[in-house]
$ cat work_3.pdb   # PDB, C-alpha atoms and all ligand atoms
ATOM      1  CA  MET W  13       9.890  -8.986  21.051
ATOM      2  CA  GLN W  14       6.604  -8.740  22.859
ATOM      3  CA  CYS W  15       3.843 -11.251  22.130
ATOM      4  CA  PRO W  16       0.821  -9.342  20.724
ATOM      5  CA  TYR W  17      -1.576 -11.786  22.422
ATOM      6  CA  CYS W  18      -0.406 -12.134  26.007
ATOM      7  CA  LEU W  19       2.274  -9.386  26.011
ATOM      8  CA  THR W  20       4.999 -11.577  27.415
ATOM      9  CA  GLU W  21       8.547 -10.798  26.275
ATOM     10  CA  ASP W  22       9.531 -14.435  25.812
ATOM     11  CA  THR W  23       9.165 -15.281  22.142
ATOM     12  CA  LYS W  24      11.282 -17.321  19.799
ATOM     13  CA  VAL W  25      12.002 -16.928  16.102
ATOM     14  CA  LEU W  26      10.793 -19.818  13.946
ATOM     15  CA  GLU W  27      11.816 -18.545  10.554
ATOM     16  CA  THR W  28      13.625 -15.521   9.121
ATOM     17  CA  ARG W  29      13.264 -14.331   5.570
ATOM     18  CA  GLU W  30      15.274 -11.470   4.093
ATOM     19  CA  ASN W  31      13.506  -9.420   1.455
ATOM     20  CA  ASP W  32      14.817  -6.387  -0.418
ATOM     21  CA  ASN W  33      13.860  -3.785   2.142
ATOM     22  CA  SER W  34      12.648  -5.797   5.050
ATOM     23  CA  THR W  35      13.195  -8.835   7.196
ATOM     24  CA  ARG W  36      10.244 -11.019   7.946
ATOM     25  CA  ARG W  37      10.296 -13.177  11.059
ATOM     26  CA  ARG W  38       7.833 -15.819  12.105
ATOM     27  CA  ARG W  39       7.735 -15.973  15.870
ATOM     28  CA  GLU W  40       6.139 -18.071  18.528
ATOM     29  CA  CYS W  41       5.279 -17.001  22.031
ATOM     30  CA  LEU W  42       6.893 -19.227  24.662
ATOM     31  CA  LYS W  43       4.083 -18.593  27.094
ATOM     32  CA  CYS W  44       0.811 -18.781  25.135
ATOM     33  CA  GLU W  45       2.365 -20.574  22.115
ATOM     34  CA  LYS W  46       0.534 -18.367  19.630
ATOM     35  CA  ARG W  47       2.343 -17.427  16.459
ATOM     36  CA  PHE W  48       2.809 -14.037  14.830
ATOM     37  CA  THR W  49       4.932 -12.372  12.167
ATOM     38  CA  THR W  50       7.084  -9.281  12.442
ATOM     39  CA  TYR W  51       8.611  -7.119   9.736
ATOM     40  CA  GLU W  52      11.724  -5.073  10.222
ATOM     41  CA  ARG W  53      12.554  -2.381   7.741
ATOM     42  CA  VAL W  54      14.617   0.739   7.352
ATOM     43  CA  GLU W  55      12.310   3.357   8.759
ATOM     44  CA  SER W  56      13.955   6.602   7.792
ATOM     45  CA  LEU W  57      13.596   6.847   4.060
ATOM     46  CA  ASP W  58      14.019  10.600   3.901
ATOM     47  CA  ILE W  59      12.138  11.411   0.733
ATOM     48  CA  THR W  60      10.138  14.593   0.270
ATOM     49  CA  VAL W  61       7.065  14.548  -1.923
ATOM     50  CA  ILE W  62       6.240  17.815  -3.673
ATOM     51  CA  LYS W  63       2.534  18.090  -4.220
ATOM     52  CA  LYS W  64       0.843  19.661  -7.198
ATOM     53  CA  ASN W  65       0.138  22.861  -5.260
ATOM     54  CA  GLY W  66       3.818  23.123  -4.322
ATOM     55  CA  SER W  67       3.491  22.025  -0.710
ATOM     56  CA  LYS W  68       5.870  19.404   0.619
ATOM     57  CA  GLU W  69       5.445  16.381   2.809
ATOM     58  CA  SER W  70       7.557  13.388   3.772
ATOM     59  CA  PHE W  71       7.063  10.232   1.810
ATOM     60  CA  ASP W  72       4.795   8.063   3.878
ATOM     61  CA  ARG W  73       5.040   4.378   3.074
ATOM     62  CA  GLU W  74       1.842   3.511   4.912
ATOM     63  CA  LYS W  75      -0.126   6.236   3.188
ATOM     64  CA  PHE W  76       1.109   5.073  -0.185
ATOM     65  CA  LYS W  77       0.270   1.491   0.682
ATOM     66  CA  ARG W  78      -3.218   2.515   1.790
ATOM     67  CA  SER W  79      -3.903   4.182  -1.533
ATOM     68  CA  LEU W  80      -2.925   0.975  -3.358
ATOM     69  CA  LEU W  81      -5.030  -1.093  -0.973
ATOM     70  CA  LYS W  82      -8.019   1.166  -1.563
ATOM     71  CA  ALA W  83      -7.698   0.753  -5.323
ATOM     72  CA  CYS W  84      -7.490  -3.027  -4.885
ATOM     73  CA  GLU W  85     -10.420  -3.273  -2.518
ATOM     74  CA  LYS W  86     -12.622  -6.327  -3.152
ATOM     75  CA  ARG W  87     -10.197  -7.403  -5.871
ATOM     76  CA  PRO W  88      -8.293 -10.720  -5.766
ATOM     77  CA  VAL W  89      -5.052  -9.055  -4.684
ATOM     78  CA  THR W  90      -3.136 -10.225  -1.636
ATOM     79  CA  LEU W  91      -1.539  -7.980   0.939
ATOM     80  CA  GLU W  92       1.741  -9.684   0.121
ATOM     81  CA  VAL W  93       1.570  -8.511  -3.499
ATOM     82  CA  ILE W  94       0.869  -4.954  -2.366
ATOM     83  CA  ASP W  95       3.739  -5.054   0.116
ATOM     84  CA  LYS W  96       6.086  -6.343  -2.539
ATOM     85  CA  ASN W  97       5.170  -3.463  -4.818
ATOM     86  CA  VAL W  98       5.623  -0.891  -2.091
ATOM     87  CA  ASP W  99       9.046  -2.443  -1.407
ATOM     88  CA  LYS W 100       9.862  -2.118  -5.088
ATOM     89  CA  LEU W 101       8.870   1.518  -5.007
ATOM     90  CA  GLU W 102      11.073   2.168  -1.997
ATOM     91  CA  THR W 103      14.018   0.540  -3.728
ATOM     92  CA  LYS W 104      13.391   2.776  -6.701
ATOM     93  CA  LEU W 105      13.147   5.898  -4.539
ATOM     94  CA  ARG W 106      16.410   5.007  -2.827
ATOM     95  CA  SER W 107      18.175   4.623  -6.133
ATOM     96  CA  LEU W 108      17.244   8.150  -7.205
ATOM     97  CA  ASN W 109      19.829  10.893  -6.917
ATOM     98  CA  SER W 110      17.280  13.318  -5.582
ATOM     99  CA  THR W 111      15.569  13.115  -2.219
ATOM    100  CA  GLU W 112      12.632  15.109  -3.600
ATOM    101  CA  ILE W 113      10.020  13.683  -5.922
ATOM    102  CA  ASN W 114       6.843  14.998  -7.489
ATOM    103  CA  SER W 115       3.541  13.559  -6.360
ATOM    104  CA  LYS W 116       2.860  13.141 -10.075
ATOM    105  CA  PHE W 117       5.840  10.817 -10.386
ATOM    106  CA  LEU W 118       4.666   8.873  -7.367
ATOM    107  CA  GLY W 119       1.233   8.508  -8.942
ATOM    108  CA  GLN W 120       2.760   7.245 -12.155
ATOM    109  CA  ILE W 121       4.725   4.599 -10.317
ATOM    110  CA  ALA W 122       1.581   3.540  -8.493
ATOM    111  CA  MET W 123      -0.297   3.258 -11.772
ATOM    112  CA  ARG W 124       2.453   1.211 -13.348
ATOM    113  CA  ALA W 125       2.458  -1.140 -10.382
ATOM    114  CA  LEU W 126      -1.332  -1.506 -10.391
ATOM    115  CA  LYS W 127      -1.376  -2.199 -14.108
ATOM    116  CA  ASN W 128       0.628  -5.330 -13.434
ATOM    117  CA  ILE W 129      -1.429  -6.312 -10.414
ATOM    118  CA  ASP W 130      -5.062  -5.882 -11.351
ATOM    119  CA  ASN W 131      -6.841  -4.172 -14.237
ATOM    120  CA  VAL W 132      -9.838  -2.938 -12.288
ATOM    121  CA  ALA W 133      -7.621  -1.484  -9.573
ATOM    122  CA  TYR W 134      -5.570   0.200 -12.261
ATOM    123  CA  ILE W 135      -8.624   1.775 -13.891
ATOM    124  CA  ARG W 136      -9.959   2.963 -10.553
ATOM    125  CA  PHE W 137      -6.666   4.610  -9.775
ATOM    126  CA  ALA W 138      -6.009   5.960 -13.269
ATOM    127  CA  SER W 139      -9.438   7.520 -13.687
ATOM    128  CA  ILE W 140      -8.930   9.789 -10.719
ATOM    129  CA  TYR W 141      -5.198  10.202 -11.127
ATOM    130  CA  LYS W 142      -5.720  12.489 -14.081
ATOM    131  CA  GLU W 143      -7.689  14.904 -11.980
ATOM    132  CA  PHE W 144      -5.777  14.820  -8.764
ATOM    133  CA  GLU W 145      -2.227  13.702  -9.398
ATOM    134  CA  ASP W 146      -1.809  13.313  -5.706
ATOM    135  CA  VAL W 147      -1.799   9.911  -4.135
ATOM    136  CA  GLY W 148      -3.184  11.179  -0.867
ATOM    137  CA  ASP W 149      -6.367  12.494  -2.428
ATOM    138  CA  TYR W 150      -7.140   9.212  -4.176
ATOM    139  CA  GLU W 151      -8.607   7.559  -1.157
ATOM    140  CA  LYS W 152     -11.576   9.896  -0.939
ATOM    141  CA  GLU W 153     -12.205   9.751  -4.663
ATOM    142  CA  ILE W 154     -12.101   5.972  -4.791
ATOM    143  CA  ILE W 155     -14.779   5.861  -2.146
ATOM    144  CA  LYS W 156     -16.902   8.078  -4.384
ATOM    145  CA  ILE W 157     -16.244   5.920  -7.458
ATOM    146  CA  LYS W 158     -17.162   2.822  -5.507
ATOM    147  CA  GLY W 159     -20.486   4.422  -4.692
ATOM    148  CA  VAL W 160     -21.096   5.021  -8.398
ATOM    149  CA  ILE W 161     -20.198   1.423  -9.288
ATOM    150  CA  LYS W 162     -22.561   0.165  -6.611
ATOM    151  CA  ASN W 163     -25.404   2.316  -7.964
ATOM    152  CA  GLU W 164     -24.795   1.117 -11.509
ATOM    153  CA  ARG W 165     -24.975  -2.467 -10.354
ATOM    154  CA  THR W 166     -28.263  -1.868  -8.644
ATOM    155  CA  THR W 167     -29.688  -0.255 -11.785
ATOM    156  CA  ASN W 168     -28.509  -3.148 -13.960
ATOM    157  CA  SER W 169     -29.975  -5.817 -11.761
ATOM    158  CA  ASN W 170     -33.264  -3.909 -11.710
ATOM    159  CA  THR W 171     -33.496  -3.776 -15.500
ATOM    160  CA  LYS W 172     -32.818  -7.517 -15.715
ATOM    161  CA  LYS W 173     -35.862  -8.223 -13.600
TER
HETATM  162 ZN    ZN O   1       1.850 -14.958  24.168
END

$ encode --input "work_3.pdb" --output "structure tokens"
Amino acid sequence: MQCPYCLTEDTKVLETRENDNSTRRRRECLKCEKRFTTYERVESLDITVIKKNGSKESFDREKFKRSLLKACEKRPVTLEVIDKNVDKLETKLRSLNSTEINSKFLGQIAMRALKNIDNVAYIRFASIYKEFEDVGDYEKEIIKIKGVIKNERTTNSNTKK
């Protein structure tokens, strides 16, 4: 394993933790002595997502994670919590008989997860979910909603003065 700081190949493992879908290793570089963490996971989860318009795309863990992260932006939610929920989703997808899922189903799972994580994140996600029903499109919409929230705040603080 290459050290991300000095790029040497000599690193040692300090700690290994097995999670459901991944293995987390704390490592230390033998040269620069900096520490870093690596995650190993099964990469080829061959799930096809069928979008509302009928088009298909491969399930993309990172994309799904990004949409959750966007919804949780500026909220007291840790990356670890998000990762755990994405892991949970992957476990669920693996347990399905089908290798094809609807984007609608994916959105519902995301909403259920967010409901347990953070109310504001859930509302952000849910309010646009009804219109789009496609996780990929959420990112853009959340940016828009954030703009609206920001404007409202400005208006409120103005009226207080
Ligand atoms: Zn190093």

$ residues_around --input "work_3.pdb" --residues "W:Thr20" --least-positions-apart "6" --cutoff "10 Å" --atoms "only C-alpha atoms" --output "ChimeraX atom specification"
/W:13-14,41-44

$ resolve_selection --input "work_3.pdb" --expression "the PyMOL selection byres (((chain W and resi 47-53) around 12) and not hetatm)" --output "count of residues only"
39

$ closest_residue --input "work_3.pdb" --among "W:Ala138, W:Leu19, W:Ile62, W:Val98" --to "ligand ZN 1 (chain O)" --atoms "only C-alpha atoms and all ligand atoms"
W:Leu19

$ closest_residue --input "work_3.pdb" --among "W:Pro88, W:Asp22, W:Ser139, W:Thr60" --to "ligand ZN 1 (chain O)" --atoms "all atoms listed in the file"
W:Asp22

$ atom_distance --input "work_3.pdb" --atom1 "atom CA of W:Lys82" --atom2 "atom CA of W:Ala133"
8.4 Å

$ atom_distance --input "work_3.pdb" --atom1 "atom CA of W:Leu105" --atom2 "atom CA of W:Ile59"
7.7 Å
